[in-house]
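coords-v8.cif (mmCIF, C-alpha atoms, pLDDT in the B column; chains and numbers go by the auth columns)
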data_entry
loop_
_atom_site.group_PDB
_atom_site.id
_atom_site.type_symbol
_atom_site.label_atom_id
_atom_site.label_comp_id
_atom_site.label_asym_id
_atom_site.label_seq_id
_atom_site.Cartn_x
_atom_site.Cartn_y
_atom_site.Cartn_z
_atom_site.B_iso_or_equiv
_atom_site.auth_seq_id
_atom_site.auth_asym_id
ATOM 1 C CA MET A 1 -1.990 -6.603 16.868 64.00 1 A
ATOM 2 C CA LYS A 2 -4.714 -4.159 15.900 73.00 2 A
ATOM 3 C CA ARG A 3 -3.696 -1.319 13.605 76.00 3 A
ATOM 4 C CA ASN A 4 -3.566 2.136 15.181 81.00 4 A
ATOM 5 C CA TYR A 5 -4.123 4.687 12.425 80.00 5 A
ATOM 6 C CA ALA A 6 -3.088 7.509 14.795 86.00 6 A
ATOM 7 C CA ASP A 7 0.322 5.911 15.446 87.00 7 A
ATOM 8 C CA PRO A 8 3.063 8.289 14.213 91.00 8 A
ATOM 9 C CA ALA A 9 4.974 5.366 12.648 91.00 9 A
ATOM 10 C CA TYR A 10 1.887 4.314 10.671 91.00 10 A
ATOM 11 C CA LYS A 11 1.198 7.903 9.577 95.00 11 A
ATOM 12 C CA LYS A 12 4.809 8.260 8.401 97.00 12 A
ATOM 13 C CA PHE A 13 4.606 4.948 6.485 96.00 13 A
ATOM 14 C CA ARG A 14 1.353 6.001 4.819 96.00 14 A
ATOM 15 C CA THR A 15 2.629 9.465 3.862 98.00 15 A
ATOM 16 C CA GLU A 16 5.874 8.099 2.404 98.00 16 A
ATOM 17 C CA VAL A 17 4.030 5.526 0.279 98.00 17 A
ATOM 18 C CA LEU A 18 1.578 8.145 -1.019 98.00 18 A
ATOM 19 C CA LYS A 19 4.455 10.498 -1.923 98.00 19 A
ATOM 20 C CA ARG A 20 6.458 7.773 -3.654 98.00 20 A
ATOM 21 C CA ASP A 21 3.395 6.790 -5.710 98.00 21 A
ATOM 22 C CA GLY A 22 2.620 10.375 -6.708 98.00 22 A
ATOM 23 C CA PHE A 23 -0.638 10.450 -4.719 98.00 23 A
ATOM 24 C CA CYS A 24 -2.434 8.290 -7.275 98.00 24 A
ATOM 25 C CA CYS A 25 -3.783 4.766 -7.470 98.00 25 A
ATOM 26 C CA GLN A 26 -1.200 2.471 -8.995 98.00 26 A
ATOM 27 C CA MET A 27 -3.866 0.410 -10.758 97.00 27 A
ATOM 28 C CA CYS A 28 -6.219 2.992 -12.313 98.00 28 A
ATOM 29 C CA LYS A 29 -4.341 6.295 -11.694 98.00 29 A
ATOM 30 C CA SER A 30 -7.243 7.877 -9.767 98.00 30 A
ATOM 31 C CA LYS A 31 -6.320 10.546 -7.234 98.00 31 A
ATOM 32 C CA LYS A 32 -9.521 10.163 -5.196 98.00 32 A
ATOM 33 C CA ARG A 33 -10.249 8.137 -2.039 98.00 33 A
ATOM 34 C CA LEU A 34 -6.693 6.816 -1.720 98.00 34 A
ATOM 35 C CA ASN A 35 -5.749 3.902 0.522 97.00 35 A
ATOM 36 C CA VAL A 36 -2.316 2.505 1.292 97.00 36 A
ATOM 37 C CA HIS A 37 -2.404 -1.254 0.855 96.00 37 A
ATOM 38 C CA HIS A 38 0.068 -3.581 2.576 95.00 38 A
ATOM 39 C CA ILE A 39 1.346 -5.936 -0.130 96.00 39 A
ATOM 40 C CA ILE A 40 2.129 -8.626 2.436 94.00 40 A
ATOM 41 C CA LYS A 41 -0.731 -8.507 4.925 89.00 41 A
ATOM 42 C CA TRP A 42 -0.375 -6.447 8.104 84.00 42 A
ATOM 43 C CA SER A 43 -1.345 -9.496 10.185 81.00 43 A
ATOM 44 C CA SER A 44 1.158 -11.793 8.435 80.00 44 A
ATOM 45 C CA ALA A 45 4.334 -9.727 8.442 84.00 45 A
ATOM 46 C CA ALA A 46 5.018 -7.706 11.583 80.00 46 A
ATOM 47 C CA SER A 47 8.530 -6.850 10.377 84.00 47 A
ATOM 48 C CA LEU A 48 7.134 -5.253 7.184 91.00 48 A
ATOM 49 C CA ARG A 49 4.329 -3.195 8.727 91.00 49 A
ATOM 50 C CA TYR A 50 6.111 0.136 8.341 93.00 50 A
ATOM 51 C CA ASP A 51 8.411 -0.785 5.436 96.00 51 A
ATOM 52 C CA THR A 52 7.457 1.418 2.487 96.00 52 A
ATOM 53 C CA SER A 53 8.498 -1.321 0.060 97.00 53 A
ATOM 54 C CA ASN A 54 5.540 -3.301 1.421 96.00 54 A
ATOM 55 C CA GLY A 55 3.005 -0.560 0.691 97.00 55 A
ATOM 56 C CA ILE A 56 1.270 0.602 -2.471 98.00 56 A
ATOM 57 C CA THR A 57 -1.298 3.323 -3.144 98.00 57 A
ATOM 58 C CA LEU A 58 -4.698 2.133 -4.340 98.00 58 A
ATOM 59 C CA CYS A 59 -7.988 3.993 -4.634 98.00 59 A
ATOM 60 C CA TYR A 60 -10.904 2.701 -2.595 98.00 60 A
ATOM 61 C CA SER A 61 -12.438 0.914 -5.606 98.00 61 A
ATOM 62 C CA CYS A 62 -9.258 -0.882 -6.636 98.00 62 A
ATOM 63 C CA HIS A 63 -8.449 -1.764 -3.038 97.00 63 A
ATOM 64 C CA LYS A 64 -11.916 -3.263 -2.663 97.00 64 A
ATOM 65 C CA SER A 65 -11.605 -5.116 -5.991 97.00 65 A
ATOM 66 C CA ILE A 66 -8.500 -7.057 -4.865 96.00 66 A
ATOM 67 C CA SER A 67 -9.944 -7.938 -1.463 93.00 67 A
ATOM 68 C CA GLY A 68 -9.851 -11.691 -0.964 93.00 68 A
ATOM 69 C CA SER A 69 -7.293 -12.269 -3.707 95.00 69 A
ATOM 70 C CA GLU A 70 -4.399 -10.117 -2.492 93.00 70 A
ATOM 71 C CA SER A 71 -1.839 -12.900 -2.939 94.00 71 A
ATOM 72 C CA VAL A 72 -2.456 -12.893 -6.709 96.00 72 A
ATOM 73 C CA TYR A 73 -1.178 -9.291 -6.874 97.00 73 A
ATOM 74 C CA ILE A 74 2.016 -9.580 -4.795 96.00 74 A
ATOM 75 C CA SER A 75 4.451 -9.874 -7.734 97.00 75 A
ATOM 76 C CA TYR A 76 2.636 -7.211 -9.741 97.00 76 A
ATOM 77 C CA PHE A 77 2.626 -4.745 -6.840 98.00 77 A
ATOM 78 C CA ASN A 78 6.258 -5.455 -5.966 97.00 78 A
ATOM 79 C CA GLU A 79 7.272 -4.638 -9.556 97.00 79 A
ATOM 80 C CA ILE A 80 5.369 -1.326 -9.436 97.00 80 A
ATOM 81 C CA VAL A 81 7.035 -0.441 -6.117 97.00 81 A
ATOM 82 C CA ARG A 82 10.480 -1.252 -7.551 96.00 82 A
ATOM 83 C CA ARG A 83 9.808 1.033 -10.532 96.00 83 A
ATOM 84 C CA ASN A 84 8.488 3.855 -8.344 96.00 84 A
ATOM 85 C CA SER A 85 11.462 3.636 -5.977 92.00 85 A
ATOM 86 C CA LYS A 86 14.036 4.506 -8.650 83.00 86 A
#
Using structure tokens, write down the structure from this file.
Amino acid sequence: MKRNYADPAYKKFRTEVLKRDGFCCQMCKSKKRLNVHHIIKWSSAASLRYDTSNGITLCYSCHKSISGSESVYISYFNEIVRRNSK
């Protein structure tokens, strides 16, 4: 399934993740060029696509830097999300 960025459910997911993370990158704390990264890939986990516990805010640079090695960061990102959800 191709992602539809205009989908209200996706927009809600994105907004909630950004709010929870204080509108800053959770790796470098930048507030510029923010992306919402799916911790478990969009294509791999249909049931988690709009689950805010599967999203984390990253700036463009950090998001690009983890590309290709996302699985290495799963535990790290899940811990950050747990902390931010309290």
Suppose a student applies the PyMOL selection byres ((chain A and resi 7-17) around 7) to this structure; what residues should they get, written as a ChimeraX atom specification?
/A:4-6,18-21,36,50-52,55-57
Matched chain/residue IDs from the PyMOL selection byres ((chain A and resi 40) around 12), as JSON, numbers by chain:
{"A": [37, 38, 39, 41, 42, 43, 44, 45, 46, 47, 48, 49, 50, 51, 52, 53, 54, 55, 56, 69, 70, 71, 72, 73, 74, 75, 77, 78]}
Based on the selection just made, write C-alpha atoms of those residues as a PDB file, keeping the file's coordinate frame.
ATOM      1  CA  HIS A  37      -2.404  -1.254   0.855  1.00 96.00           C
ATOM      2  CA  HIS A  38       0.068  -3.581   2.576  1.00 95.00           C
ATOM      3  CA  ILE A  39       1.346  -5.936  -0.130  1.00 96.00           C
ATOM      4  CA  LYS A  41      -0.731  -8.507   4.925  1.00 89.00           C
ATOM      5  CA  TRP A  42      -0.375  -6.447   8.104  1.00 84.00           C
ATOM      6  CA  SER A  43      -1.345  -9.496  10.185  1.00 81.00           C
ATOM      7  CA  SER A  44       1.158 -11.793   8.435  1.00 80.00           C
ATOM      8  CA  ALA A  45       4.334  -9.727   8.442  1.00 84.00           C
ATOM      9  CA  ALA A  46       5.018  -7.706  11.583  1.00 80.00           C
ATOM     10  CA  SER A  47       8.530  -6.850  10.377  1.00 84.00           C
ATOM     11  CA  LEU A  48       7.134  -5.253   7.184  1.00 91.00           C
ATOM     12  CA  ARG A  49       4.329  -3.195   8.727  1.00 91.00           C
ATOM     13  CA  TYR A  50       6.111   0.136   8.341  1.00 93.00           C
ATOM     14  CA  ASP A  51       8.411  -0.785   5.436  1.00 96.00           C
ATOM     15  CA  THR A  52       7.457   1.418   2.487  1.00 96.00           C
ATOM     16  CA  SER A  53       8.498  -1.321   0.060  1.00 97.00           C
ATOM     17  CA  ASN A  54       5.540  -3.301   1.421  1.00 96.00           C
ATOM     18  CA  GLY A  55       3.005  -0.560   0.691  1.00 97.00           C
ATOM     19  CA  ILE A  56       1.270   0.602  -2.471  1.00 98.00           C
ATOM     20  CA  SER A  69      -7.293 -12.269  -3.707  1.00 95.00           C
ATOM     21  CA  GLU A  70      -4.399 -10.117  -2.492  1.00 93.00           C
ATOM     22  CA  SER A  71      -1.839 -12.900  -2.939  1.00 94.00           C
ATOM     23  CA  VAL A  72      -2.456 -12.893  -6.709  1.00 96.00           C
ATOM     24  CA  TYR A  73      -1.178  -9.291  -6.874  1.00 97.00           C
ATOM     25  CA  ILE A  74       2.016  -9.580  -4.795  1.00 96.00           C
ATOM     26  CA  SER A  75       4.451  -9.874  -7.734  1.00 97.00           C
ATOM     27  CA  PHE A  77       2.626  -4.745  -6.840  1.00 98.00           C
ATOM     28  CA  ASN A  78       6.258  -5.455  -5.966  1.00 97.00           C
TER      29      ASN A  78
END
Length of the atom CA of A:Lys86 to atom CA of A:Cys62 vector [Å]:
24.0 Å
Taking the file as I've supplied it (selection: the PyMOL selection byres ((chain A and resi 32) around 12)), which residues are included? Please answer as number ranges by chain.
A: 23-26, 28-31, 33-35, 57-62
